[in-house]
$ cat data_33.cif   # mmCIF, C-alpha atoms
data_final
loop_
_atom_site.label_atom_id
_atom_site.label_comp_id
_atom_site.auth_asym_id
_atom_site.auth_seq_id
_atom_site.Cartn_x
_atom_site.Cartn_y
_atom_site.Cartn_z
CA MET X 224 200.16 66.69 165.05
CA LYS X 225 196.94 64.69 164.72
CA SER X 226 197.03 60.93 164.93
CA ILE X 227 195.01 59.02 162.32
CA CYS X 228 194.23 55.33 162.38
CA LEU X 229 193.41 53.86 158.97
CA VAL X 230 191.83 50.43 159.22
CA ASN X 231 191.98 48.26 156.12
CA GLY X 232 189.08 45.82 156.55
CA SER X 233 189.92 43.74 153.51
CA LEU X 234 191.80 40.46 153.49
CA ARG X 235 192.69 40.64 149.83
CA GLY X 236 196.15 42.13 150.29
CA LYS X 237 197.48 44.14 147.38
CA GLN X 238 194.50 43.11 145.23
CA ALA X 239 192.06 44.86 147.57
CA SER X 240 190.09 47.78 146.20
CA SER X 241 189.76 48.90 149.81
CA LEU X 242 193.54 49.28 149.96
CA GLU X 243 193.38 51.56 146.92
CA PHE X 244 190.78 53.71 148.64
CA LEU X 245 192.87 53.71 151.80
CA ASN X 246 195.87 54.97 149.84
CA ASP X 247 193.70 57.65 148.21
CA ILE X 248 192.53 59.04 151.53
CA ALA X 249 196.03 58.68 153.05
CA ARG X 250 197.38 60.93 150.26
CA LYS X 251 194.90 63.61 151.35
CA LEU X 252 196.48 63.57 154.81
CA PRO X 253 200.10 64.74 154.47
CA ASP X 254 202.78 63.06 156.59
CA ALA X 255 203.98 66.47 157.77
CA GLU X 256 200.63 67.13 159.44
CA TYR X 257 199.37 63.70 160.45
CA ARG X 258 200.83 60.69 162.19
CA LYS X 259 199.21 57.79 160.34
CA THR X 260 198.90 54.22 161.56
CA ILE X 261 197.58 51.57 159.19
CA ILE X 262 195.93 48.48 160.63
CA THR X 263 195.14 45.60 158.31
CA VAL X 264 192.74 42.93 159.52
CA THR X 265 193.74 39.28 159.44
CA GLY X 266 191.78 36.14 158.55
CA LYS X 267 192.59 34.27 161.71
CA VAL X 268 193.70 35.82 164.96
CA LYS X 269 195.25 33.76 167.71
CA ASP X 270 193.74 34.72 171.05
CA ARG X 271 193.11 38.37 170.07
CA TYR X 272 194.54 41.30 168.11
CA PRO X 273 197.92 42.36 169.58
CA GLU X 274 197.93 45.00 172.32
CA ASP X 275 199.97 47.51 170.27
CA ILE X 276 197.37 47.45 167.49
CA LEU X 277 194.51 47.98 169.92
CA ASN X 278 196.44 50.74 171.70
CA SER X 279 197.00 52.59 168.42
CA ILE X 280 193.21 52.89 168.10
CA ASN X 281 193.01 54.23 171.68
CA VAL X 282 195.13 57.28 170.94
CA ALA X 283 193.79 58.19 167.50
CA ASP X 284 192.16 61.57 166.87
CA ALA X 285 190.37 59.97 163.93
CA ILE X 286 189.69 56.43 162.77
CA ILE X 287 188.87 55.70 159.14
CA PHE X 288 187.45 52.25 158.48
CA ILE X 289 187.82 51.19 154.86
CA PHE X 290 186.22 47.85 154.06
CA PRO X 291 184.37 45.79 151.48
CA LEU X 292 180.70 45.05 152.08
CA HIS X 293 180.14 41.39 153.02
CA ASN X 294 176.55 40.15 153.00
CA TYR X 295 175.40 43.77 153.52
CA GLY X 296 177.46 43.83 156.69
CA LEU X 297 181.05 44.00 157.82
CA PRO X 298 183.73 41.50 156.84
CA GLY X 299 184.14 38.96 159.65
CA ALA X 300 187.78 39.95 160.06
CA LEU X 301 186.84 43.58 160.72
CA MET X 302 184.06 42.49 163.04
CA ARG X 303 186.69 40.54 164.99
CA LEU X 304 188.78 43.70 165.38
CA LEU X 305 185.75 45.62 166.70
CA GLU X 306 184.98 42.80 169.14
CA ASP X 307 188.56 42.67 170.39
CA TYR X 308 188.78 46.44 170.68
CA SER X 309 185.56 46.59 172.63
CA LYS X 310 186.83 43.88 175.03
CA HIS X 311 190.17 45.69 175.29
CA LEU X 312 188.37 48.82 176.51
CA ARG X 313 186.34 46.84 178.99
CA THR X 314 189.59 46.02 180.79
CA GLY X 315 189.67 49.70 181.78
CA LYS X 316 192.05 51.03 179.12
CA GLU X 317 192.08 54.79 178.70
CA TYR X 318 191.01 56.02 175.29
CA PHE X 319 190.16 59.25 173.55
CA LYS X 320 186.38 59.34 173.62
CA GLN X 321 185.89 62.08 171.07
CA THR X 322 187.76 60.28 168.31
CA LYS X 323 186.17 61.06 164.96
CA VAL X 324 185.07 58.03 163.00
CA TYR X 325 184.67 57.80 159.21
CA VAL X 326 183.81 54.92 156.96
CA ILE X 327 184.64 54.16 153.34
CA VAL X 328 182.61 51.20 152.10
CA ASN X 329 183.68 49.42 148.98
CA CYS X 330 180.38 47.98 147.78
CA ALA X 331 180.40 45.66 144.77
CA PHE X 332 176.76 46.44 144.03
CA PRO X 333 175.41 49.18 141.81
CA ARG X 334 173.21 51.03 144.32
CA PRO X 335 175.36 51.97 147.30
CA ALA X 336 172.54 53.93 148.93
CA ASP X 337 170.37 50.80 149.00
CA THR X 338 172.98 48.33 150.12
CA CYS X 339 175.41 50.00 152.53
CA GLY X 340 172.95 51.32 155.14
CA GLU X 341 173.21 48.49 157.65
CA ALA X 342 177.02 48.32 157.55
CA ILE X 343 177.09 52.03 158.34
CA ARG X 344 174.59 51.55 161.14
CA VAL X 345 176.79 48.84 162.68
CA ILE X 346 179.71 51.26 162.85
CA GLN X 347 177.38 53.95 164.22
CA ASN X 348 176.24 51.51 166.92
CA PHE X 349 179.90 50.76 167.68
CA CYS X 350 180.55 54.51 168.05
CA ARG X 351 177.51 55.00 170.28
CA ARG X 352 178.55 52.10 172.54
CA LEU X 353 182.06 53.50 172.93
CA SER X 354 181.09 57.21 172.90
CA LEU X 355 183.13 57.85 169.74
CA ASN X 356 182.27 60.72 167.45
CA TRP X 357 180.59 59.30 164.33
CA ARG X 358 181.07 61.62 161.37
CA PHE X 359 180.06 60.25 157.93
CA ALA X 360 180.56 57.56 155.32
CA ILE X 361 181.59 57.33 151.69
CA CYS X 362 179.90 54.39 149.98
CA ILE X 363 181.41 53.45 146.64
CA GLY X 364 179.29 51.35 144.28
CA THR X 365 181.14 48.71 142.21
CA GLY X 366 184.39 49.56 143.97
CA PRO X 367 186.68 47.45 141.74
CA VAL X 368 185.39 49.28 138.65
CA VAL X 369 186.05 52.63 140.32
CA VAL X 370 189.61 51.50 141.07
CA MET X 371 190.14 50.50 137.43
CA THR X 372 188.77 53.76 136.06
CA LYS X 373 189.62 56.33 138.72
CA LYS X 374 192.52 57.77 136.76
CA VAL X 375 190.20 58.77 133.93
CA PRO X 376 189.93 62.56 134.27
CA PHE X 377 186.65 64.11 135.50
CA LEU X 378 185.05 60.72 136.21
CA TYR X 379 184.60 60.80 139.97
CA PRO X 380 184.50 64.42 141.15
CA LYS X 381 182.09 63.52 143.97
CA LEU X 382 184.48 60.90 145.34
CA LYS X 383 187.42 63.28 145.25
CA HIS X 384 185.29 65.93 146.98
CA ALA X 385 184.28 63.39 149.64
CA TYR X 386 187.93 62.54 150.38
CA THR X 387 188.65 66.24 150.76
CA GLU X 388 185.68 66.55 153.11
CA ILE X 389 187.16 63.86 155.37
CA ALA X 390 190.50 65.67 155.47
CA LEU X 391 188.81 69.01 156.24
CA ASP X 392 186.51 67.49 158.83
CA ILE X 393 189.43 65.90 160.70
CA GLN X 394 191.10 69.31 160.93
CA SER X 395 188.01 71.25 161.96
CA GLY X 396 186.34 71.30 165.33
CA ASP X 397 183.00 70.93 163.59
CA ARG X 398 180.54 68.69 165.46
CA GLU X 399 177.60 69.27 163.17
CA LYS X 400 176.28 66.03 161.64
CA LYS X 401 177.08 65.50 158.00
CA GLY X 402 175.44 63.37 155.34
CA ASN X 403 176.98 60.32 153.70
CA TYR X 404 178.36 60.28 150.17
CA PHE X 405 177.14 57.67 147.71
CA ILE X 406 179.24 57.14 144.62
CA LYS X 407 177.27 55.49 141.83
CA PRO X 408 178.98 53.26 139.26
CA ILE X 409 179.55 54.20 135.64
CA ILE X 410 178.53 50.74 134.33
CA PRO X 411 174.78 50.27 133.63
CA GLU X 412 172.94 48.19 136.22
CA ARG X 413 171.74 45.69 133.64
CA ILE X 414 175.30 44.64 132.84
CA ILE X 415 176.23 44.37 136.49
CA SER X 416 173.12 42.27 137.10
CA ALA X 417 174.01 39.89 134.26
CA ILE X 418 177.52 39.37 135.65
CA LYS X 419 176.06 38.71 139.09
CA HIS X 420 173.58 36.10 137.82
CA TYR X 421 176.33 34.33 135.91
CA TYR X 422 178.48 33.91 139.00
CA GLU X 423 175.55 33.07 141.27
CA ASN X 424 174.65 30.18 139.00
CA LYS X 425 178.24 29.04 138.68
CA GLY X 426 178.74 29.24 142.43
CA GLN X 427 175.50 27.31 143.22
CA MET X 428 174.16 30.23 145.18
CA ILE X 429 170.69 30.38 146.65
CA LYS X 430 167.93 30.92 144.07
CA LYS X 431 165.23 33.51 144.52
CA ASN X 432 161.69 32.78 145.62
CA LYS X 433 162.17 29.05 146.00
CA GLU X 434 159.86 27.30 148.45
CA PRO X 435 161.67 26.00 151.53
CA MET O 260 163.92 17.49 157.23
CA ASN O 261 167.67 17.60 157.81
CA THR O 262 168.71 20.73 159.62
CA LEU O 263 171.95 22.34 160.57
CA LEU O 264 172.39 24.48 163.66
CA ILE O 265 175.52 26.64 163.87
CA SER O 266 176.31 28.48 167.08
CA ASP O 267 179.12 30.55 168.55
CA LYS O 268 180.79 28.57 171.33
CA ASP O 269 182.79 31.59 172.55
CA ALA O 270 179.63 33.57 173.17
CA LYS O 271 177.62 31.11 175.21
CA THR O 272 175.28 32.59 177.77
CA LYS O 273 172.45 31.15 179.81
CA LEU O 274 170.11 32.74 177.29
CA SER O 275 171.86 31.24 174.26
CA GLU O 276 172.11 27.78 175.80
CA ASP O 277 168.41 27.83 176.63
CA LEU O 278 167.64 29.00 173.09
CA LYS O 279 169.77 26.29 171.52
CA ALA O 280 168.28 23.56 173.69
CA LYS O 281 164.75 24.74 172.92
CA ILE O 282 165.36 24.87 169.15
CA ILE O 283 166.91 21.40 169.11
CA ARG O 284 164.05 20.04 171.18
CA THR O 285 161.45 21.69 168.95
CA LEU O 286 163.07 20.31 165.80
CA LYS O 287 163.38 16.81 167.22
CA GLU O 288 159.83 16.81 168.56
CA ASN O 289 158.67 17.61 165.05
CA GLY O 290 160.62 14.67 163.66
CA HIS O 291 163.60 16.49 162.20
CA GLN O 292 167.26 15.56 162.25
CA VAL O 293 169.59 18.24 163.68
CA ASP O 294 173.35 18.44 163.18
CA VAL O 295 174.93 20.91 165.57
CA PHE O 296 178.19 22.73 164.96
CA GLU O 297 179.55 24.89 167.76
CA LEU O 298 182.17 27.07 166.17
CA GLY O 299 184.79 29.11 167.97
CA LYS O 300 187.15 31.87 166.97
CA GLU O 301 190.00 29.35 166.77
CA ASP O 302 188.06 27.08 164.41
CA VAL O 303 187.22 29.50 161.63
CA THR O 304 189.07 31.61 159.12
CA GLN O 305 187.28 34.61 157.74
CA CYS O 306 186.00 35.02 154.20
CA TYR O 307 188.64 36.75 152.04
CA GLY O 308 186.07 37.94 149.50
CA CYS O 309 188.24 36.43 146.77
CA PHE O 310 185.22 34.87 144.99
CA LEU O 311 187.27 31.77 144.12
CA CYS O 312 184.43 29.73 145.66
CA LEU O 313 182.23 31.17 142.91
CA THR O 314 184.68 31.19 140.04
CA LYS O 315 187.63 28.78 140.17
CA HIS O 316 186.38 25.98 142.39
CA PRO O 317 182.63 26.52 142.97
CA GLY O 318 181.37 25.54 146.38
CA GLU O 319 184.80 25.21 147.94
CA CYS O 320 186.84 27.69 149.95
CA PHE O 321 190.61 27.78 149.59
CA ASN O 322 190.80 27.87 153.40
CA LYS O 323 190.35 24.28 154.49
CA ASP O 324 188.69 24.94 157.82
CA ILE O 325 185.59 23.44 159.39
CA VAL O 326 183.38 25.93 157.53
CA ASN O 327 184.63 24.53 154.24
CA GLU O 328 183.59 21.05 155.39
CA ILE O 329 180.14 22.34 156.34
CA ARG O 330 179.76 24.08 153.00
CA LYS O 331 180.64 20.92 151.05
CA ASN O 332 177.57 19.25 152.56
CA ILE O 333 175.04 22.09 152.33
CA ASN O 334 172.93 20.21 149.80
CA ASN O 335 172.21 17.63 152.52
CA TYR O 336 170.34 20.19 154.59
CA ASN O 337 166.87 21.65 154.21
CA ALA O 338 167.49 24.44 156.66
CA THR O 339 170.27 26.18 158.56
CA PHE O 340 169.78 27.94 161.87
CA TYR O 341 172.46 30.41 162.94
CA LEU O 342 172.65 31.36 166.61
CA THR O 343 174.72 34.46 167.18
CA PRO O 344 175.19 37.18 169.77
CA VAL O 345 174.06 40.58 168.49
CA LEU O 346 177.15 42.82 168.54
CA PHE O 347 176.60 46.44 167.51
CA GLY O 348 173.63 45.15 165.48
CA HIS O 349 175.77 42.60 163.64
CA TYR O 350 176.35 38.87 163.94
CA SER O 351 179.59 37.81 165.64
CA SER O 352 182.80 37.38 163.68
CA THR O 353 182.67 33.63 164.26
CA ILE O 354 179.22 33.32 162.73
CA ALA O 355 180.20 35.76 159.95
CA SER O 356 182.58 33.12 158.66
CA PRO O 357 179.99 30.47 157.65
CA MET O 358 177.47 33.13 156.63
CA ASN O 359 179.88 34.96 154.35
CA LYS O 360 181.28 31.74 152.93
CA GLY O 361 177.81 30.55 151.91
CA ALA O 362 177.74 27.61 154.28
CA GLY O 363 173.99 27.87 154.87
CA SER O 364 171.30 25.71 153.29
CA ASN O 365 170.07 26.81 149.87
CA ASN O 366 166.48 26.23 151.03
CA LEU O 367 166.14 28.12 154.27
CA GLN O 368 168.45 30.16 156.49
CA VAL O 369 167.24 31.48 159.82
CA VAL O 370 169.41 33.92 161.74
CA ILE O 371 168.66 34.15 165.44
CA GLY O 372 170.42 36.83 167.45
CA TYR O 373 170.55 36.97 171.22
CA GLY O 374 171.72 39.22 174.00
CA ASP O 375 170.39 40.76 177.18
CA ASP O 376 172.03 44.12 176.54
CA ILE O 377 170.84 44.94 173.03
CA ASP O 378 169.40 48.40 172.41
CA GLU O 379 166.53 49.09 170.01
CA GLU O 380 168.76 50.43 167.25
CA GLU O 381 171.04 47.40 167.41
CA LYS O 382 168.04 45.10 167.28
CA SER O 383 166.63 46.96 164.33
CA THR O 384 170.00 46.95 162.49
CA PHE O 385 170.30 43.21 163.01
CA ILE O 386 166.82 42.58 161.63
CA ASP O 387 167.35 44.91 158.69
CA LEU O 388 170.58 43.13 157.73
CA THR O 389 168.54 40.03 157.03
CA ALA O 390 165.68 42.01 155.52
CA LYS O 391 168.09 43.00 152.79
CA HIS O 392 168.12 39.33 151.77
CA GLN O 393 164.34 39.31 151.76
CA GLY O 394 164.11 41.79 148.93
CA LYS O 395 164.91 45.16 150.42
CA ALA O 396 167.88 45.42 148.09
CA ASP O 397 166.12 44.16 145.03
CA ILE O 398 168.94 44.54 142.54
CA VAL O 399 171.10 42.28 144.63
CA HIS O 400 168.86 39.59 146.05
CA PRO O 401 165.39 40.06 144.62
CA GLY O 402 163.10 38.62 147.22
CA LEU O 403 164.33 35.59 149.10
CA LEU O 404 161.09 35.84 151.03
CA ASN O 405 160.77 32.17 151.80
CA GLN O 406 164.41 31.44 152.33
CA ALA O 407 165.61 33.89 154.93
CA ASP O 408 164.23 34.80 158.33
CA VAL O 409 165.47 36.57 161.40
CA PHE O 410 164.65 36.71 165.09
CA VAL O 411 166.14 38.40 168.13
CA SER O 412 165.92 37.02 171.63
CA GLU O 413 166.45 39.16 174.68
CA SER O 414 164.84 36.87 177.25
CA PHE O 415 163.85 33.30 178.00
CA GLY O 416 160.31 34.25 177.09
CA ASP O 417 161.52 35.34 173.65
CA ASN O 418 163.23 31.95 173.23
CA ALA O 419 159.92 30.16 173.67
CA LYS O 420 158.17 32.53 171.25
CA ILE O 421 160.88 32.06 168.63
CA CYS O 422 160.57 28.26 168.84
CA GLU O 423 156.82 28.61 168.40
CA ALA O 424 157.35 30.82 165.34
CA LEU O 425 159.86 28.37 163.86
CA LYS O 426 157.23 25.65 163.75
CA LYS O 427 155.88 27.12 160.51
CA TYR O 428 159.07 25.86 158.84
CA MET O 429 158.76 22.40 160.32
CA LYS O 430 155.57 21.20 158.65
#

$ encode --input "data_33.cif" --output "structure tokens"
Amino acid sequence: MKSICLVNGSLRGKQASSLEFLNDIARKLPDAEYRKTIITVTGKVKDRYPEDILNSINVADAIIFIFPLHNYGLPGALMRLLEDYSKHLRTGKEYFKQTKVYVIVNCAFPRPADTCGEAIRVIQNFCRRLSLNWRFAICIGTGPVVVMTKKVPFLYPKLKHAYTEIALDIQSGDREKKGNYFIKPIIPERIISAIKHYYENKGQMIKKNKEP
Amino acid sequence: MNTLLISDKDAKTKLSEDLKAKIIRTLKENGHQVDVFELGKEDVTQCYGCFLCLTKHPGECFNKDIVNEIRKNINNYNATFYLTPVLFGHYSSTIASPMNKGAGSNNLQVVIGYGDDIDEEEKSTFIDLTAKHQGKADIVHPGLLNQADVFVSESFGDNAKICEALKKYMK
């Protein structure tokens, strides 16, 4: 029985779109065939993540990181888990070096191919440092909208195919590199842009092209 | 110019301490005020991505940590300098907290990564993360060319070069 570690990189609890995506991929991996461990990151960790959590990553045949994009990068809470795990290994802990690693990025923006690249590269760098087996990513544009509309039939065939690809890839011994999946939103960019500008103004966010 | 320097106190190295000292000295020599915040893992809570700081109570995080206090005063600063170790091409979790909570100056934010064991891909990832804010992801942040900059230091020599490059913002 393969052991799968699903890492929920969102701090938003039950409201998290990432949790929805985690549940979607978990359903593709039946309990009869996979031993699944779910790790949810926390906003403040005393000292470091508990040993049992870090050990559950050690023994996984596959790790699936599911997280929202923060500032084009990883959420700080997920970054903390990677830091602690890396330190945990430096103490000489044994771990399975060929663990397959997948990423599902919940990106609020409309062009996942333009915005998710660096977050993926960070996880690839993490894999290279620890000799883990990077596989591929699914990047979902306007994740919350996808969650709201995913039950509409025939709307996201590419996403469903990508989930299936993860499940098949975990089972196979395939080491050939695979491309990432980018799921574009169904809402026109202009509308998304208008919503963004409204909240940027309301939240006193940095304005473009202002002289320092 | 009032400036804010935020560093990671759990990731201090000889290189980072030299960098911090040189930046502070350069700012002061050019007549600028510097407020320094050394943040540690125990001091910060991470951004929940709840957007309440944009919607319900703009400018304020529901987590009342030190980062929230810094963010309340961001309008007092002309520039923010973040000093962070480069970890897998990313900034540290401690520095992610103020960055993701929008605790940097609205005028200029400079991210300076350091480390003596950074490979080329990690360096490039780190630089590209900030480049996204400079217009590489135009639908999201269309061209903050004058308001975001990034440097990576791998040596004491780099520290000196970075301070020299920062002088363009100090005129």

$ resolve_selection --input "data_33.cif" --expression "the PyMOL selection byres ((chain O) within 7 of (chain X))" --output "number ranges by chain"
O: 301, 304-307, 309, 312-314, 317-318, 347-349, 351-352, 355-356, 359, 365-367, 381, 384, 387-388, 396, 401-406

$ resolve_selection --input "data_33.cif" --expression "the PyMOL selection byres ((chain X and resi 395-398) around 12)" --output "number ranges by chain"
X: 225, 284-285, 321-324, 355-359, 388-394, 399-401

$ residues_around --input "data_33.cif" --residues "Asn327 of chain O" --least-positions-apart "2" --cutoff "12 Å" --atoms "all atoms listed in the file" --output "VMD selection string"
chain O and resid 302 to 306 312 317 to 325 329 to 333 356 to 363

$ resolve_selection --input "data_33.cif" --expression "the PyMOL selection byres ((chain O and resi 374-376) around 7)" --output "list in words"
Pro344, Val345, Tyr373, Ile377, Asp378, Ser412, Glu413 and Ser414 of chain O

$ atom_distance --input "data_33.cif" --atom1 "atom CA of Glu256 of chain X" --atom2 "atom CA of Thr387 of chain X"
14.8 Å

$ residues_around --input "data_33.cif" --residues "Ile363 of chain X" --least-positions-apart "5" --cutoff "12 Å" --atoms "only C-alpha atoms" --output "number ranges by chain"
X: 240-241, 244, 289-292, 326-339, 368-370, 373, 379, 381-383, 385-386, 403-409

$ closest_residue --input "data_33.cif" --among "O:Lys391, O:Val369, O:Val295, O:Lys315" --to "Ala280 of chain O" --atoms "only C-alpha atoms"
O:Val295

$ residues_around --input "data_33.cif" --residues "Lys420 of chain O" --least-positions-apart "6" --cutoff "12 Å" --atoms "all atoms listed in the file" --output "ChimeraX atom specification"
/O:278,281-282,285,410-414,426

$ atom_distance --input "data_33.cif" --atom1 "atom CA of Leu346 of chain O" --atom2 "atom CA of Leu229 of chain X"
21.9 Å

$ atom_distance --input "data_33.cif" --atom1 "atom CA of Tyr272 of chain X" --atom2 "atom CA of Ile248 of chain X"
24.4 Å

$ closest_residue --input "data_33.cif" --among "O:Lys382, O:Lys430, O:His291, O:Arg284" --to "Thr262 of chain O" --atoms "only C-alpha atoms"
O:His291

$ axis_aligned_box --input "data_33.cif" --around "segment 402-410 of chain X" --padding-each-side "8 Å" --output "lines of an AutoDock Vina configuration file"
center_x = 177.5
center_y = 57.1
center_z = 144.8
size_x = 20.1
size_y = 28.6
size_z = 37.0

$ closest_residue --input "data_33.cif" --among "O:Met429, O:Leu311, O:Gly372, O:Gly416" --to "Gly290 of chain O" --atoms "all atoms listed in the file"
O:Met429

$ decode --input "data_33.cif" --residues "segment 309-325 of chain X" --atoms "N, CA and C atoms" --output "short mmCIF file (atom, residue, chain, number, x, y, z; two decimals), in the first residue's frame"
data_model
loop_
_atom_site.label_atom_id
_atom_site.label_comp_id
_atom_site.auth_asym_id
_atom_site.auth_seq_id
_atom_site.Cartn_x
_atom_site.Cartn_y
_atom_site.Cartn_z
N SER X 309 13.38 20.56 6.28
CA SER X 309 14.77 20.56 5.82
C SER X 309 15.73 20.45 7.01
N LYS X 310 15.44 21.18 8.08
CA LYS X 310 16.28 21.11 9.30
C LYS X 310 16.18 19.73 9.94
N HIS X 311 14.98 19.18 9.93
CA HIS X 311 14.72 17.85 10.49
C HIS X 311 15.60 16.81 9.79
N LEU X 312 15.74 16.93 8.47
CA LEU X 312 16.57 15.97 7.74
C LEU X 312 18.05 16.16 8.02
N ARG X 313 18.39 17.43 8.28
CA ARG X 313 19.81 17.70 8.56
C ARG X 313 20.28 17.07 9.88
N THR X 314 19.33 16.64 10.71
CA THR X 314 19.72 15.96 11.95
C THR X 314 20.05 14.49 11.67
N GLY X 315 20.00 14.10 10.40
CA GLY X 315 20.39 12.74 10.02
C GLY X 315 19.24 11.77 9.90
N LYS X 316 18.00 12.27 9.91
CA LYS X 316 16.83 11.39 9.79
C LYS X 316 16.85 10.66 8.44
N GLU X 317 16.46 9.40 8.48
CA GLU X 317 16.31 8.63 7.25
C GLU X 317 15.06 9.08 6.52
N TYR X 318 15.12 9.16 5.22
CA TYR X 318 13.89 9.46 4.47
C TYR X 318 13.97 8.82 3.10
N PHE X 319 12.80 8.70 2.48
CA PHE X 319 12.70 8.05 1.19
C PHE X 319 13.04 9.07 0.10
N LYS X 320 14.21 8.91 -0.51
CA LYS X 320 14.70 9.96 -1.40
C LYS X 320 13.99 10.03 -2.74
N GLN X 321 13.30 8.95 -3.11
CA GLN X 321 12.66 9.01 -4.42
C GLN X 321 11.18 9.38 -4.34
N THR X 322 10.79 9.94 -3.22
CA THR X 322 9.40 10.38 -3.04
C THR X 322 8.98 11.27 -4.20
N LYS X 323 7.83 10.98 -4.77
CA LYS X 323 7.32 11.81 -5.87
C LYS X 323 6.63 13.04 -5.29
N VAL X 324 6.88 14.17 -5.93
CA VAL X 324 6.31 15.42 -5.41
C VAL X 324 5.45 16.09 -6.48
N TYR X 325 4.24 16.46 -6.07
CA TYR X 325 3.28 17.14 -6.94
C TYR X 325 2.83 18.42 -6.25
#
